[in-house]
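query_6.cif, holding mmCIF, C-alpha atoms:
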```
data_run
loop_
_atom_site.label_atom_id
_atom_site.label_comp_id
_atom_site.auth_asym_id
_atom_site.auth_seq_id
_atom_site.Cartn_x
_atom_site.Cartn_y
_atom_site.Cartn_z
CA MET A 39 -29.14 -13.30 10.63
CA ASN A 40 -28.39 -13.76 14.25
CA GLY A 41 -29.21 -15.99 17.24
CA THR A 42 -29.83 -19.68 17.99
CA TYR A 43 -32.86 -21.59 16.70
CA PRO A 44 -35.69 -20.93 17.44
CA GLN A 45 -34.76 -17.47 18.71
CA LEU A 46 -33.57 -16.02 15.43
CA GLU A 47 -33.55 -12.47 14.19
CA ILE A 48 -32.93 -11.20 10.72
CA GLU A 49 -31.93 -7.74 9.62
CA ILE A 50 -32.56 -6.68 6.05
CA ARG A 51 -30.41 -3.85 4.81
CA SER A 52 -30.01 -2.14 1.50
CA GLU A 53 -26.20 -2.31 1.22
CA ARG A 54 -24.78 0.74 -0.47
CA CYS A 55 -22.59 3.77 -0.07
CA ASN A 56 -23.16 5.42 3.31
CA HIS A 57 -22.14 8.85 1.97
CA CYS A 58 -19.96 9.38 5.03
CA ILE A 59 -19.13 12.85 6.32
CA ASN A 60 -15.59 11.65 7.13
CA ALA A 61 -15.27 9.50 4.03
CA PRO A 62 -12.05 7.42 3.95
CA CYS A 63 -12.46 6.92 0.19
CA VAL A 64 -12.25 10.66 -0.43
CA ARG A 65 -9.27 10.97 1.90
CA CYS A 66 -7.20 8.23 0.29
CA CYS A 67 -7.91 9.04 -3.36
CA PRO A 68 -4.58 10.04 -4.97
CA THR A 69 -6.12 12.10 -7.78
CA GLY A 70 -9.11 13.75 -6.16
CA ALA A 71 -11.52 11.74 -8.35
CA SER A 72 -13.44 10.75 -5.21
CA HIS A 73 -15.02 13.91 -3.93
CA PHE A 74 -17.96 15.39 -2.05
CA ALA A 75 -20.56 16.85 -4.32
CA GLU A 76 -22.63 19.80 -3.17
CA GLY A 77 -24.88 18.55 -0.38
CA GLY A 78 -22.48 15.89 0.86
CA ILE A 79 -23.02 13.08 -1.65
CA VAL A 80 -19.78 11.15 -2.30
CA LEU A 81 -19.08 10.85 -6.02
CA VAL A 82 -16.37 9.62 -8.39
CA GLU A 83 -15.32 11.77 -11.32
CA HIS A 84 -14.78 9.09 -13.96
CA ASN A 85 -12.18 10.98 -15.98
CA LYS A 86 -10.00 11.61 -12.96
CA CYS A 87 -10.15 8.03 -11.62
CA ILE A 88 -7.14 5.83 -12.41
CA GLY A 89 -8.70 2.66 -11.00
CA CYS A 90 -6.01 2.09 -8.38
CA GLY A 91 -8.45 0.53 -5.91
CA ALA A 92 -7.37 2.53 -2.84
CA CYS A 93 -10.93 3.72 -2.22
CA MET A 94 -12.30 0.18 -2.44
CA ALA A 95 -9.76 -0.97 0.15
CA SER A 96 -10.58 2.00 2.37
CA CYS A 97 -14.35 1.50 2.52
CA PRO A 98 -15.49 -0.45 5.60
CA TYR A 99 -18.88 -0.96 3.90
CA ASP A 100 -17.41 -2.42 0.69
CA ALA A 101 -19.63 -0.01 -1.19
CA ARG A 102 -17.40 0.48 -4.21
CA TYR A 103 -16.71 -1.66 -7.23
CA PRO A 104 -14.76 -1.35 -10.48
CA HIS A 105 -16.95 -0.43 -13.43
CA PRO A 106 -16.25 -2.68 -16.45
CA ASP A 107 -14.88 0.44 -18.20
CA GLY A 108 -12.11 0.69 -15.60
CA TYR A 109 -13.03 3.51 -13.29
CA VAL A 110 -14.38 2.88 -9.81
CA ASP A 111 -18.10 3.30 -9.40
CA LYS A 112 -20.54 3.54 -6.54
CA CYS A 113 -24.03 4.59 -5.48
CA THR A 114 -24.51 8.21 -6.54
CA PHE A 115 -27.76 8.57 -4.63
CA CYS A 116 -29.12 9.10 -8.16
CA ILE A 117 -27.78 12.62 -8.21
CA HIS A 118 -29.01 12.99 -11.80
CA ARG A 119 -32.58 12.50 -10.51
CA ILE A 120 -32.16 14.59 -7.36
CA LYS A 121 -30.99 17.54 -9.42
CA ILE A 122 -34.32 17.64 -11.24
CA GLY A 123 -36.34 17.17 -8.07
CA LEU A 124 -37.00 13.43 -8.24
CA ALA A 125 -36.35 10.92 -5.46
CA PRO A 126 -33.51 8.39 -5.93
CA ALA A 127 -34.62 5.34 -7.93
CA CYS A 128 -34.47 3.02 -4.90
CA ALA A 129 -36.83 5.24 -2.93
CA ALA A 130 -39.09 5.82 -5.93
CA VAL A 131 -39.59 2.14 -6.75
CA CYS A 132 -39.77 0.74 -3.20
CA PRO A 133 -43.25 -0.87 -3.07
CA THR A 134 -43.53 -0.57 0.71
CA LYS A 135 -42.05 2.93 0.85
CA CYS A 136 -39.46 1.98 3.44
CA ILE A 137 -36.67 4.13 1.96
CA TYR A 138 -36.71 7.82 2.76
CA PHE A 139 -34.53 10.41 1.10
CA GLY A 140 -33.99 14.06 1.88
CA ASP A 141 -31.80 16.86 3.16
CA LEU A 142 -30.57 16.20 6.71
CA ASP A 143 -29.88 19.92 7.14
CA ASP A 144 -33.53 20.75 6.50
CA PRO A 145 -35.58 20.00 9.66
CA ASN A 146 -38.75 19.59 7.62
CA SER A 147 -37.44 17.12 5.05
CA ASP A 148 -38.80 13.55 4.95
CA VAL A 149 -35.64 12.08 6.50
CA SER A 150 -35.34 14.66 9.26
CA VAL A 151 -38.96 14.15 10.27
CA VAL A 152 -38.77 10.33 10.31
CA LEU A 153 -35.43 10.35 12.17
CA LYS A 154 -36.96 12.55 14.86
CA LYS A 155 -39.92 10.22 15.30
CA ARG A 156 -38.20 6.83 15.15
CA LYS A 157 -35.16 5.08 16.54
CA SER A 158 -32.35 4.59 14.10
CA LYS A 159 -28.74 3.49 13.87
CA THR A 160 -25.80 3.89 11.54
CA LEU A 161 -23.48 1.09 10.47
CA ILE A 162 -20.17 0.70 12.34
CA PRO A 163 -20.05 4.24 13.72
CA GLU A 164 -16.90 3.09 15.57
CA ALA A 165 -15.09 3.12 12.22
CA GLY A 166 -15.21 6.91 12.54
CA THR A 167 -16.72 7.48 9.13
CA LYS A 168 -19.80 9.46 10.28
CA PRO A 169 -22.17 7.77 7.83
CA GLN A 170 -25.22 9.70 6.61
CA LEU A 171 -27.29 6.62 5.91
CA TYR A 172 -29.58 5.77 8.82
CA PHE A 173 -31.30 2.44 9.37
CA LEU A 174 -34.64 2.58 11.17
CA ILE A 175 -34.96 0.04 13.97
CA MET B 238 -35.85 -18.89 -24.61
CA GLU B 239 -33.39 -16.02 -24.53
CA GLU B 240 -30.87 -16.18 -21.74
CA GLU B 241 -29.26 -13.19 -20.16
CA LEU B 242 -25.91 -13.32 -18.44
CA LEU B 243 -25.59 -10.84 -15.62
CA VAL B 244 -22.10 -9.58 -14.88
CA SER B 245 -21.59 -7.96 -11.52
CA GLY B 246 -18.48 -6.19 -10.33
CA ARG B 247 -19.68 -5.87 -6.77
CA MET B 248 -17.14 -6.31 -3.99
CA ASN B 249 -19.88 -6.71 -1.44
CA HIS B 250 -19.09 -9.46 1.06
CA LEU B 251 -22.62 -10.75 0.66
CA ILE B 252 -21.81 -11.47 -2.98
CA ASP B 253 -18.03 -11.92 -2.85
CA PRO B 254 -16.82 -13.57 0.33
CA GLN B 255 -14.02 -11.02 0.76
CA LEU B 256 -12.38 -7.96 -0.73
CA ASN B 257 -10.49 -8.97 -3.83
CA ILE B 258 -8.99 -5.91 -5.46
CA TRP B 259 -5.24 -6.19 -5.10
CA HIS B 260 -3.44 -9.20 -6.50
CA TRP B 261 0.24 -9.98 -7.15
CA GLN B 262 1.07 -6.56 -8.59
CA ILE B 263 0.73 -4.59 -5.36
CA PRO B 264 2.76 -6.84 -3.00
CA LEU B 265 5.41 -7.30 -5.68
CA TYR B 266 5.68 -3.54 -6.06
CA LEU B 267 5.77 -3.02 -2.29
CA PHE B 268 8.67 -5.46 -2.16
CA LEU B 269 10.58 -3.97 -5.12
CA GLY B 270 10.04 -0.42 -3.87
CA GLY B 271 11.04 -1.37 -0.33
CA MET B 272 14.20 -3.15 -1.47
CA ALA B 273 15.19 -0.25 -3.77
CA ALA B 274 14.58 2.14 -0.85
CA GLY B 275 16.80 -0.02 1.37
CA ILE B 276 19.63 -0.16 -1.18
CA LEU B 277 19.54 3.61 -1.82
CA CYS B 278 19.32 4.53 1.87
CA ILE B 279 22.33 2.38 2.75
CA ALA B 280 24.37 3.75 -0.18
CA ALA B 281 23.48 7.35 0.68
CA LEU B 282 24.16 6.88 4.37
CA TYR B 283 27.63 5.40 3.88
CA PHE B 284 28.50 8.01 1.28
CA ILE B 285 27.44 10.86 3.59
CA ARG B 286 29.47 9.35 6.42
CA GLY B 287 32.53 9.21 4.13
CA ARG B 288 32.80 5.41 4.21
CA GLU B 289 32.69 5.05 0.42
CA ASN B 290 36.03 3.28 0.26
CA ASP B 291 35.25 0.84 3.09
CA TYR B 292 31.88 -0.16 1.67
CA ARG B 293 32.52 0.24 -2.01
CA THR B 294 29.96 -2.33 -3.16
CA ALA B 295 27.15 -0.88 -1.08
CA VAL B 296 27.80 2.69 -2.24
CA ARG B 297 28.83 2.15 -5.85
CA ILE B 298 27.70 -1.26 -7.11
CA THR B 299 24.49 -2.40 -5.37
CA PRO B 300 22.63 0.84 -6.30
CA PHE B 301 22.72 -0.36 -9.91
CA LEU B 302 19.89 -2.72 -8.93
CA ALA B 303 17.67 0.13 -7.74
CA PRO B 304 16.63 1.63 -11.11
CA PHE B 305 15.70 -1.86 -12.36
CA LEU B 306 13.70 -2.61 -9.21
CA LEU B 307 11.96 0.77 -9.39
CA VAL B 308 11.12 0.53 -13.09
CA ILE B 309 9.76 -3.01 -12.74
CA GLY B 310 7.81 -1.77 -9.70
CA LEU B 311 6.36 1.11 -11.70
CA ILE B 312 5.35 -1.30 -14.45
CA THR B 313 3.57 -3.59 -11.97
CA LEU B 314 1.78 -0.54 -10.51
CA PHE B 315 0.70 0.46 -13.99
CA ILE B 316 -0.55 -3.08 -14.69
CA ASP B 317 -2.61 -2.90 -11.52
CA LEU B 318 -4.49 0.25 -12.59
CA ARG B 319 -7.91 -0.45 -14.06
CA HIS B 320 -8.34 2.91 -15.76
CA LYS B 321 -4.84 2.97 -17.21
CA LEU B 322 -5.09 5.82 -19.72
CA PHE B 323 -5.82 8.24 -16.90
CA PHE B 324 -2.66 7.41 -14.88
CA TRP B 325 -1.27 10.90 -15.51
CA GLN B 326 -3.92 12.26 -13.18
CA LEU B 327 -1.55 11.18 -10.39
CA TYR B 328 0.80 13.92 -11.50
CA THR B 329 -1.68 16.72 -11.97
CA ASN B 330 -2.82 16.45 -8.34
CA ILE B 331 -1.08 16.66 -5.00
CA ARG B 332 -3.22 15.11 -2.28
CA LEU B 333 -1.51 15.35 1.09
CA GLN B 334 -4.10 13.14 2.79
CA SER B 335 -3.56 10.28 0.35
CA PRO B 336 -0.54 8.02 0.95
CA MET B 337 -0.79 6.87 -2.66
CA SER B 338 -0.31 10.44 -3.84
CA TRP B 339 2.75 10.75 -1.59
CA GLY B 340 4.08 7.53 -3.09
CA ALA B 341 3.53 8.63 -6.67
CA TRP B 342 5.43 11.87 -6.10
CA THR B 343 8.18 10.13 -4.12
CA LEU B 344 8.73 7.72 -7.00
CA MET B 345 8.83 10.70 -9.35
CA VAL B 346 11.83 12.03 -7.36
CA ILE B 347 13.69 8.90 -6.36
CA THR B 348 13.58 7.08 -9.70
CA PRO B 349 15.55 9.78 -11.58
CA VAL B 350 17.85 10.22 -8.57
CA SER B 351 18.67 6.50 -8.64
CA PHE B 352 19.46 6.76 -12.38
CA ILE B 353 21.78 9.73 -11.78
CA TRP B 354 23.53 7.92 -8.90
CA CYS B 355 24.19 4.96 -11.19
CA ALA B 356 25.37 7.21 -14.02
CA LEU B 357 27.96 8.74 -11.68
CA HIS B 358 29.34 5.26 -10.98
CA ILE B 359 28.97 3.69 -14.40
CA LYS B 360 32.76 3.37 -14.79
CA ASP B 361 32.78 0.93 -11.86
CA ILE B 362 30.75 -1.47 -13.96
CA PHE B 363 31.97 -0.57 -17.47
CA PRO B 364 35.54 0.80 -17.11
CA ASN B 365 35.63 2.00 -20.74
CA TRP B 366 32.31 3.81 -20.66
CA ASP B 367 32.23 6.94 -22.77
CA TRP B 368 29.33 9.44 -22.61
CA LYS B 369 30.20 10.60 -26.16
CA PHE B 370 28.87 14.14 -25.75
CA LYS B 371 30.47 16.98 -23.90
CA TRP B 372 27.20 18.22 -22.43
CA ILE B 373 26.66 14.87 -20.72
CA TYR B 374 30.10 15.21 -19.15
CA ASP B 375 29.09 18.71 -18.02
CA ILE B 376 25.97 17.34 -16.35
CA GLU B 377 28.03 14.56 -14.78
CA SER B 378 30.52 16.99 -13.29
CA PHE B 379 27.64 19.14 -12.02
CA PHE B 380 26.17 16.20 -10.11
CA ASN B 381 29.62 15.10 -8.96
CA LYS B 382 30.09 18.55 -7.47
CA TYR B 383 26.79 18.29 -5.59
CA LYS B 384 26.99 14.58 -4.86
CA LYS B 385 26.47 15.08 -1.15
CA VAL B 386 23.22 16.97 -1.77
CA LEU B 387 22.16 14.17 -4.09
CA ALA B 388 22.97 11.63 -1.37
CA TRP B 389 20.85 13.53 1.16
CA ILE B 390 17.91 13.64 -1.25
CA MET B 391 18.38 9.93 -1.87
CA LEU B 392 18.47 9.17 1.86
CA ILE B 393 15.39 11.22 2.75
CA TYR B 394 13.30 10.06 -0.19
CA GLY B 395 14.53 6.50 0.36
CA ILE B 396 13.19 6.58 3.90
CA ILE B 397 9.88 8.08 2.72
CA LEU B 398 9.61 5.38 0.03
CA GLY B 399 10.39 2.60 2.49
CA ILE B 400 7.92 3.82 5.11
CA TYR B 401 5.17 4.77 2.69
CA THR B 402 4.90 1.21 1.38
CA GLY B 403 3.66 0.32 4.87
CA ILE B 404 1.63 3.50 5.46
CA LEU B 405 -0.17 2.91 2.18
CA LEU B 406 -1.79 -0.10 3.86
CA SER B 407 -1.96 1.17 7.44
CA ALA B 408 -4.03 4.19 6.38
CA PHE B 409 -6.96 1.89 5.59
CA ASN B 410 -9.04 1.74 8.72
CA ALA B 411 -11.49 -0.52 6.85
CA ARG B 412 -9.00 -3.45 6.96
CA PRO B 413 -8.18 -4.05 10.63
CA LEU B 414 -5.06 -6.11 9.86
CA TRP B 415 -3.48 -3.21 7.95
CA ASN B 416 -4.67 -0.56 10.35
CA THR B 417 -1.58 -0.54 12.56
CA SER B 418 1.13 2.10 12.53
CA ILE B 419 3.73 -0.64 13.04
CA LEU B 420 3.42 -1.52 9.34
CA GLY B 421 5.41 1.57 8.22
CA PRO B 422 8.53 0.87 10.31
CA LEU B 423 8.17 -2.88 9.72
CA PHE B 424 8.21 -2.50 5.93
CA LEU B 425 11.06 0.03 6.16
CA SER B 426 13.24 -2.33 8.19
CA SER B 427 12.29 -5.25 5.97
CA GLY B 428 13.27 -3.18 2.91
CA LEU B 429 16.57 -2.12 4.50
CA SER B 430 17.22 -5.75 5.38
CA ALA B 431 16.59 -6.84 1.76
CA GLY B 432 18.86 -4.00 0.59
CA ALA B 433 21.64 -5.12 2.94
CA ALA B 434 21.17 -8.68 1.69
CA ALA B 435 21.72 -7.48 -1.89
CA THR B 436 25.14 -6.09 -0.92
CA LEU B 437 25.88 -9.31 0.95
CA ILE B 438 25.41 -11.17 -2.34
CA LEU B 439 27.33 -8.72 -4.54
CA SER B 440 30.27 -7.85 -2.30
CA LYS B 441 33.59 -9.59 -2.82
CA ASN B 442 35.23 -7.89 0.13
CA LYS B 443 35.29 -9.96 3.30
CA SER B 444 35.16 -7.10 5.80
CA GLU B 445 32.28 -5.48 3.90
CA ARG B 446 30.40 -8.79 3.95
CA ARG B 447 30.92 -9.11 7.69
CA GLN B 448 29.62 -5.58 8.22
CA PHE B 449 26.50 -6.28 6.17
CA ALA B 450 25.90 -9.57 7.95
CA ARG B 451 25.99 -7.55 11.18
CA ILE B 452 23.59 -4.91 9.76
CA ASP B 453 21.24 -7.65 8.62
CA LEU B 454 21.31 -9.24 12.07
CA VAL B 455 20.35 -5.96 13.73
CA LEU B 456 17.58 -5.34 11.19
CA ILE B 457 16.18 -8.84 11.67
CA GLY B 458 16.16 -8.19 15.41
CA ILE B 459 14.22 -4.96 14.85
CA GLU B 460 11.75 -6.72 12.56
CA LEU B 461 11.09 -9.48 15.10
CA PHE B 462 10.58 -6.85 17.78
CA LEU B 463 8.10 -4.98 15.55
CA ILE B 464 6.22 -8.18 14.67
CA ILE B 465 5.85 -9.09 18.34
CA HIS B 466 4.61 -5.57 19.08
CA MET B 467 2.21 -5.72 16.16
CA PHE B 468 0.57 -8.84 17.59
CA MET B 469 0.57 -7.44 21.13
CA GLY B 470 -1.16 -4.34 19.80
CA PHE B 471 -3.75 -6.37 17.88
CA LEU B 472 -4.53 -8.68 20.78
CA ALA B 473 -4.95 -5.76 23.18
CA SER B 474 -7.22 -3.92 20.74
CA THR B 475 -10.84 -4.25 19.64
CA GLN B 476 -12.58 -7.42 18.47
CA VAL B 477 -11.94 -6.67 14.79
CA GLN B 478 -8.19 -6.45 15.36
CA ILE B 479 -8.21 -9.57 17.54
CA GLU B 480 -9.90 -11.34 14.62
CA ALA B 481 -7.22 -9.90 12.30
CA ALA B 482 -4.43 -11.26 14.50
CA LYS B 483 -6.16 -14.63 14.55
CA LEU B 484 -5.59 -14.92 10.80
CA PHE B 485 -1.95 -15.51 11.78
CA LEU B 486 -2.54 -17.24 15.09
CA GLY B 487 -4.40 -20.37 14.04
CA GLY B 488 -6.21 -18.89 11.03
CA PRO B 489 -5.60 -19.53 7.31
CA TYR B 490 -2.33 -17.55 7.11
CA THR B 491 -0.68 -19.07 10.17
CA MET B 492 1.58 -21.57 8.41
CA SER B 493 2.64 -19.31 5.54
CA PHE B 494 3.40 -16.36 7.81
CA TRP B 495 5.38 -18.12 10.51
CA ILE B 496 7.20 -20.54 8.20
CA PHE B 497 7.99 -18.32 5.19
CA VAL B 498 8.36 -14.92 6.84
CA VAL B 499 9.50 -15.54 10.40
CA ILE B 500 11.38 -18.86 10.29
CA MET B 501 12.75 -18.91 6.73
CA GLY B 502 13.02 -15.15 6.24
CA MET B 503 14.31 -14.13 9.68
CA LEU B 504 15.29 -16.83 12.15
CA ILE B 505 17.29 -19.14 9.81
CA PRO B 506 19.20 -16.31 8.07
CA ALA B 507 19.88 -14.72 11.48
CA LEU B 508 21.28 -18.01 12.74
CA LEU B 509 23.39 -18.48 9.58
CA GLU B 510 24.75 -14.93 9.77
CA PHE B 511 25.51 -15.40 13.42
CA MET B 512 27.47 -18.57 12.60
CA GLU B 513 29.23 -16.79 9.72
CA LEU B 514 30.34 -14.03 12.09
CA GLY B 515 31.66 -16.77 14.37
CA LYS B 516 33.96 -19.50 13.12
CA PHE B 517 31.81 -21.28 10.56
CA HIS B 518 32.06 -20.67 6.86
CA ILE B 519 28.67 -20.17 5.30
CA PRO B 520 28.17 -18.99 1.70
CA ALA B 521 26.78 -15.45 2.09
CA ILE B 522 24.27 -16.04 -0.68
CA VAL B 523 22.21 -18.50 1.42
CA PRO B 524 21.11 -16.16 4.25
CA ALA B 525 20.88 -13.23 1.82
CA VAL B 526 18.50 -15.04 -0.54
CA LEU B 527 16.42 -16.20 2.43
CA VAL B 528 16.14 -12.62 3.72
CA ILE B 529 15.03 -11.34 0.31
CA PHE B 530 12.53 -14.20 0.01
CA GLY B 531 11.15 -13.45 3.49
CA SER B 532 10.82 -9.78 2.63
CA LEU B 533 8.82 -10.65 -0.51
CA MET B 534 6.59 -13.11 1.34
CA LEU B 535 5.91 -10.56 4.10
CA ARG B 536 4.36 -8.21 1.52
CA PHE B 537 2.37 -10.94 -0.18
CA ILE B 538 0.96 -12.34 3.05
CA ILE B 539 0.11 -8.95 4.57
CA VAL B 540 -1.58 -7.72 1.38
CA TYR B 541 -3.62 -10.90 0.87
CA ALA B 542 -4.51 -11.43 4.55
CA GLY B 543 -5.46 -7.76 4.93
CA GLN B 544 -8.12 -8.17 2.27
CA VAL B 545 -9.66 -11.01 4.29
CA SER B 546 -9.76 -8.93 7.47
CA ARG B 547 -12.85 -6.74 7.81
CA TRP B 548 -15.20 -4.97 10.16
CA LEU B 549 -17.96 -7.03 11.73
CA TYR B 550 -21.42 -5.58 11.42
#
```

Take the structure from the file and write it as structure tokens.
Amino acid sequence: MNGTYPQLEIEIRSERCNHCINAPCVRCCPTGASHFAEGGIVLVEHNKCIGCGACMASCPYDARYPHPDGYVDKCTFCIHRIKIGLAPACAAVCPTKCIYFGDLDDPNSDVSVVLKKRKSKTLIPEAGTKPQLYFLI
Amino acid sequence: MEEELLVSGRMNHLIDPQLNIWHWQIPLYLFLGGMAAGILCIAALYFIRGRENDYRTAVRITPFLAPFLLVIGLITLFIDLRHKLFFWQLYTNIRLQSPMSWGAWTLMVITPVSFIWCALHIKDIFPNWDWKFKWIYDIESFFNKYKKVLAWIMLIYGIILGIYTGILLSAFNARPLWNTSILGPLFLSSGLSAGAAATLILSKNKSERRQFARIDLVLIGIELFLIIHMFMGFLASTQVQIEAAKLFLGGPYTMSFWIFVVIMGMLIPALLEFMELGKFHIPAIVPAVLVIFGSLMLRFIIVYAGQVSRWLY
């Protein structure tokens, strides 16, 4: 929310992992538990994570949190669904279909097509993280 | 009606007002590690320079604190881990990009080295010490033969340990307050200063005490210089770092930082040591305890304030 009454604007975002190309959480992980899965999704390997919290401190989007079992957890982009050809749960359940998912390397994927047609932005690009989550504006 | 309690672990600022992952364990460890690094660096440096007899306490006695500091530090680090049973993963991976990995391996080297250094000087504390077994005497004479190599390892790894405690934080670009390369040298000099203060307390030799009061004075000067530069850097940087500096310049950490760290931990002990070097008689323990307290508070305040500082978006 931004501005002075009555000129107010509101921005609604789905806050989550930005699956950065230059992910600080992967860089600072002392055990290699934080890693890039095939396709660029940032994941945590639970049995390698020691729960030190370095990745949580390193994330400018505060996208990570400790799972009650101890390891650090985050948005996986529903990789278990993607692997069998389904869309991530957030995109699948969105009643207004405002979340798009797809392969940025494929020019014909849903995301590539919509990003070509519409204006978009990423969050704090000046943090140097090269996020792969785009917000349509 | 059945009620359901939802438990969320989210660290999102829209749910939690700020990042809240590191509590007392991390700053306490950063202090203990930094002080141990300071003690070991000073001991190694004076041994290498052949000043062992002039600064006997610093080379032979004060290092006995280091293994205790390091082991307590390791315990606090272990307490901090949330997935404790997997801690050994630190030692099955070498991750050069991760300061925490550097730190884990540095501790793996310097902790045993500090134990060996103490074992070589155990007769200074317990004159009748007997190792009982011949093979232990063999190991002792081996390390005595290569004591200079041991001292070099101790010096180099001591410096890495002292600097890494700062780099650990400064590598996090997500927390603008920590994201300054001054933090490495600042924590190193603060650790050295705490290490010098430990000798100031333990030494019974007047000329050694005067020397360590002088060292402490120089180190406090360096720390003040680095703190001023840190703020100059912040204020000349982007909005997020200006906001970070404001935490200490009118913000919630202003009083604690300037009173506990700068005035009580640096300016007052510097003044007392200056007077001690002049004509006044001041019990060495007073400035030394203040320096150690300031060094501890520096870590606490930087770690807590850093978690408040964030990107604006």

Exercise. Using only C-alpha atoms, which residue out of B:Val545, B:Ile309, B:Val523, B:Met272 lies closest to Leu508 in chain B?
Worked result: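 Selected residue with least distance to Leu508 in chain B: B:Val523.
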
Evaluate the PyMOL selection byres ((chain B) within 7 of (chain A)) and report residues as a PDB file with C-alpha atoms, in the frame of the given file:
```
ATOM      1  CA  GLY B 246     -18.480  -6.190 -10.330  1.00  0.00           C
ATOM      2  CA  ARG B 247     -19.680  -5.870  -6.770  1.00  0.00           C
ATOM      3  CA  MET B 248     -17.140  -6.310  -3.990  1.00  0.00           C
ATOM      4  CA  ASN B 249     -19.880  -6.710  -1.440  1.00  0.00           C
ATOM      5  CA  ILE B 258      -8.990  -5.910  -5.460  1.00  0.00           C
ATOM      6  CA  ASP B 317      -2.610  -2.900 -11.520  1.00  0.00           C
ATOM      7  CA  LEU B 318      -4.490   0.250 -12.590  1.00  0.00           C
ATOM      8  CA  ARG B 319      -7.910  -0.450 -14.060  1.00  0.00           C
ATOM      9  CA  HIS B 320      -8.340   2.910 -15.760  1.00  0.00           C
ATOM     10  CA  LYS B 321      -4.840   2.970 -17.210  1.00  0.00           C
ATOM     11  CA  PHE B 323      -5.820   8.240 -16.900  1.00  0.00           C
ATOM     12  CA  PHE B 324      -2.660   7.410 -14.880  1.00  0.00           C
ATOM     13  CA  GLN B 326      -3.920  12.260 -13.180  1.00  0.00           C
ATOM     14  CA  LEU B 327      -1.550  11.180 -10.390  1.00  0.00           C
ATOM     15  CA  ASN B 330      -2.820  16.450  -8.340  1.00  0.00           C
ATOM     16  CA  ARG B 332      -3.220  15.110  -2.280  1.00  0.00           C
ATOM     17  CA  GLN B 334      -4.100  13.140   2.790  1.00  0.00           C
ATOM     18  CA  SER B 335      -3.560  10.280   0.350  1.00  0.00           C
ATOM     19  CA  PRO B 336      -0.540   8.020   0.950  1.00  0.00           C
ATOM     20  CA  MET B 337      -0.790   6.870  -2.660  1.00  0.00           C
ATOM     21  CA  SER B 338      -0.310  10.440  -3.840  1.00  0.00           C
ATOM     22  CA  PHE B 409      -6.960   1.890   5.590  1.00  0.00           C
ATOM     23  CA  ASN B 410      -9.040   1.740   8.720  1.00  0.00           C
ATOM     24  CA  ALA B 411     -11.490  -0.520   6.850  1.00  0.00           C
ATOM     25  CA  TRP B 548     -15.200  -4.970  10.160  1.00  0.00           C
ATOM     26  CA  TYR B 550     -21.420  -5.580  11.420  1.00  0.00           C
TER      27      TYR B 550
END
```

I would like the residues chosen by the PyMOL selection byres ((chain A and resi 140) around 10) on the shown file; could you give them as a PDB file with C-alpha atoms, keeping the file's coordinate frame?
```pdb
ATOM      1  CA  ILE A 120     -32.160  14.590  -7.360  1.00  0.00           C
ATOM      2  CA  ALA A 125     -36.350  10.920  -5.460  1.00  0.00           C
ATOM      3  CA  PRO A 126     -33.510   8.390  -5.930  1.00  0.00           C
ATOM      4  CA  TYR A 138     -36.710   7.820   2.760  1.00  0.00           C
ATOM      5  CA  PHE A 139     -34.530  10.410   1.100  1.00  0.00           C
ATOM      6  CA  ASP A 141     -31.800  16.860   3.160  1.00  0.00           C
ATOM      7  CA  LEU A 142     -30.570  16.200   6.710  1.00  0.00           C
ATOM      8  CA  ASP A 143     -29.880  19.920   7.140  1.00  0.00           C
ATOM      9  CA  ASP A 144     -33.530  20.750   6.500  1.00  0.00           C
ATOM     10  CA  PRO A 145     -35.580  20.000   9.660  1.00  0.00           C
ATOM     11  CA  ASN A 146     -38.750  19.590   7.620  1.00  0.00           C
ATOM     12  CA  SER A 147     -37.440  17.120   5.050  1.00  0.00           C
ATOM     13  CA  ASP A 148     -38.800  13.550   4.950  1.00  0.00           C
ATOM     14  CA  VAL A 149     -35.640  12.080   6.500  1.00  0.00           C
ATOM     15  CA  SER A 150     -35.340  14.660   9.260  1.00  0.00           C
ATOM     16  CA  VAL A 151     -38.960  14.150  10.270  1.00  0.00           C
TER      17      VAL A 151
END
```

Exercise. Please, what distance in Å, to one decimal, runs between CA of Lys168 in chain A and CA of Ala61 in chain A?
Worked result: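 Taking CA of Lys168 in chain A and CA of Ala61 in chain A, their separation equals 7.7 Å.
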
Exercise. If you count all atoms listed in the file, which residues fall within 6 Å of Thr436 in chain B, apart from same-chain ones fewer than 3 positions away, as a list in words?
Worked result: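 Contacts, with the query itself left out: Ala295, Thr299, Ala433, Leu439 and Ser440 of chain B.
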
Problem set entry | Contacts of Ile393 in chain B at 12 Å (all atoms listed in the file; same-chain gap of 6+ positions) as number ranges by chain | B: 274-275, 277-279, 281-282, 343, 346-347, 350, 386-387, 399-400

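Straight-line separation from CA of Phe462 in chain B to CA of Leu420 in chain B: 12.3 Å.
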
Exercise. Suppose you want the space between CA of Pro300 in chain B and CA of Ser427 in chain B; what is it in Å?
Worked result: 17.2 Å

Exercise. Using all atoms listed in the file, which residues sit within 12 Å of range 114-117 of chain A once same-chain residues fewer than 3 positions away are excluded, as a ChimeraX atom specification?
Worked result: /A:54-57,72-83,101-102,110-111,120-130,137-140,170-171

Problem set entry | Residue nearest Ile376 in chain B among B:Ile263, B:Ala356, B:Leu549, B:Ala507 (counting only C-alpha atoms) |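 Distance minimum relative to Ile376 in chain B lands on B:Ala356.
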
For this session: Up to 6 Å from (17.3, -15.4, 5.4) in the file's coordinates: name the residues, counting all atoms listed in the file, as a count of residues only.
Result: 9
